[in-house]
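Participant: Could you have a look at this structure, given as structure tokens, before my questions?
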Amino acid sequence: MTVAVMISKSAKGSDSKKVLILDDDPEYMAWVYEYLESLDLHPVISRSVDDGLIQLSKEDYRFLLVDMNVPASDGLIATWIDKQPLCKRYPGLILAHEARNRGYGAHSVIGYTVHDDSAAAAELQGKLHCRYVLKGRPQTFKSVVQKTLAPKPS
């Protein structure tokens with residue numbers, strides 16, 4: 001079944017059909033990849049924050065799906081630990097911060113984790129104003145993606 005979705009015009013990457021997925025769990029990514037393809041989007045997968053940053057610098061994405069629990073090099077974490085101590089526990093926050101700093105709108109970054117952690121939620125939703133979803137809740141996840149793709153009211 002193919003679902004038609006109108007893609008809204010917004011911040012950086014609004015014309016792109018590519019979606020950057022930062023996740024190192026192949027089993028989880030399989031259904032997400034298929035779901036995004038059913039929306040006529042083109043997923044690009046990164047399995048570490050370091051690679052995600054490289055992919056982010058190469059091209060624009062419609063939006064980013066960022067697992068908070070992915071590996072990052074010690075050197076990268078060391079450069080962020082003073083600015084954001086929570087990145088040691090949730091390295092994906094580094095990519096979320098960088099995306100926001102590079103012009104991606106708040107609703108163009110969706111962070112997720114298996115941990116229901118108020119500190120991660122506060123950083124993503126409160127400080128960065130990004131969307132936050134708990135991993136393993138497909139209906140909620142799909143709803144957030146649909147809201148991200150929905151046209152903004154004028």
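Letters for chains follow the order of the structure tokens (A, B, ...), residue numbers begin at 1 for each chain, and ligand numbers begin at 1 in the order shown.
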Residues at most 12 Å from Gly75 in chain A, counting only C-alpha atoms, excluding those fewer than 2 positions away in the same chain, as a list of chain:residue names?

Facilitator: A:Val49, A:Asp50, A:Pro71, A:Ala72, A:Ser73, A:Ile77, A:Ala78, A:Thr79, A:Trp80, A:Ile81, A:Lys88, A:Pro91

Participant: Could you pull the residues within 12 Å of Asp117 in chain A, counting only C-alpha atoms, minus those fewer than 2 positions along the same chain, as a list of chain:residue names?

Facilitator: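 Neighbouring residues, sequence-local ones excluded: A:Met68, A:Asn69, A:Leu86, A:Arg89, A:Tyr90, A:Tyr112, A:Thr113, A:Val114, A:His115, A:Ala119, A:Ala120, A:Ala121, A:Ala122, A:Glu123, A:Leu124, A:Gln125, A:Tyr132, A:Val133, A:Leu134, A:Lys135.
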
Participant: Please identify every residue of range 66-125 of chain A that has at least one atom no farther than 7 Å from an atom of range 19-29 of chain A, counting only C-alpha atoms, and for each give the shortest atom pair and the distance in Å to one decimal, arranged by chain then increasing number, as a tab-separated table.

Facilitator:
```
residue	atom	partner	partner_atom	distance
A:Val66	CA	A:Leu22	CA	4.8
A:Asp67	CA	A:Asp23	CA	5.3
A:Val70	CA	A:Asp24	CA	6.1
```

Participant: Between A:Val109, A:Ile54, A:Leu41, A:Leu76, which one has atoms that come closest to Thr148 in chain A, using only C-alpha atoms?

Facilitator: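 The answer is A:Val109, which sits nearest to Thr148 in chain A.
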
Participant: Between A:Asp82, A:Asp15, A:Asp60, A:Glu98, which is the closest to Leu149 in chain A once you count only C-alpha atoms?

Facilitator: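 Result for the nearest residue to Leu149 in chain A: A:Asp15.
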
Participant: Just the number, please: distance in Å from CA of Lys83 in chain A to CA of Phe63 in chain A, one decimal.

Facilitator: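 So the answer is 24.1 Å.
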
Participant: Could you write out, as a count of residues only, all the residues of range 50-83 of chain A that DSSP marks as helix (DSSP H, G or I)?

Facilitator: 16
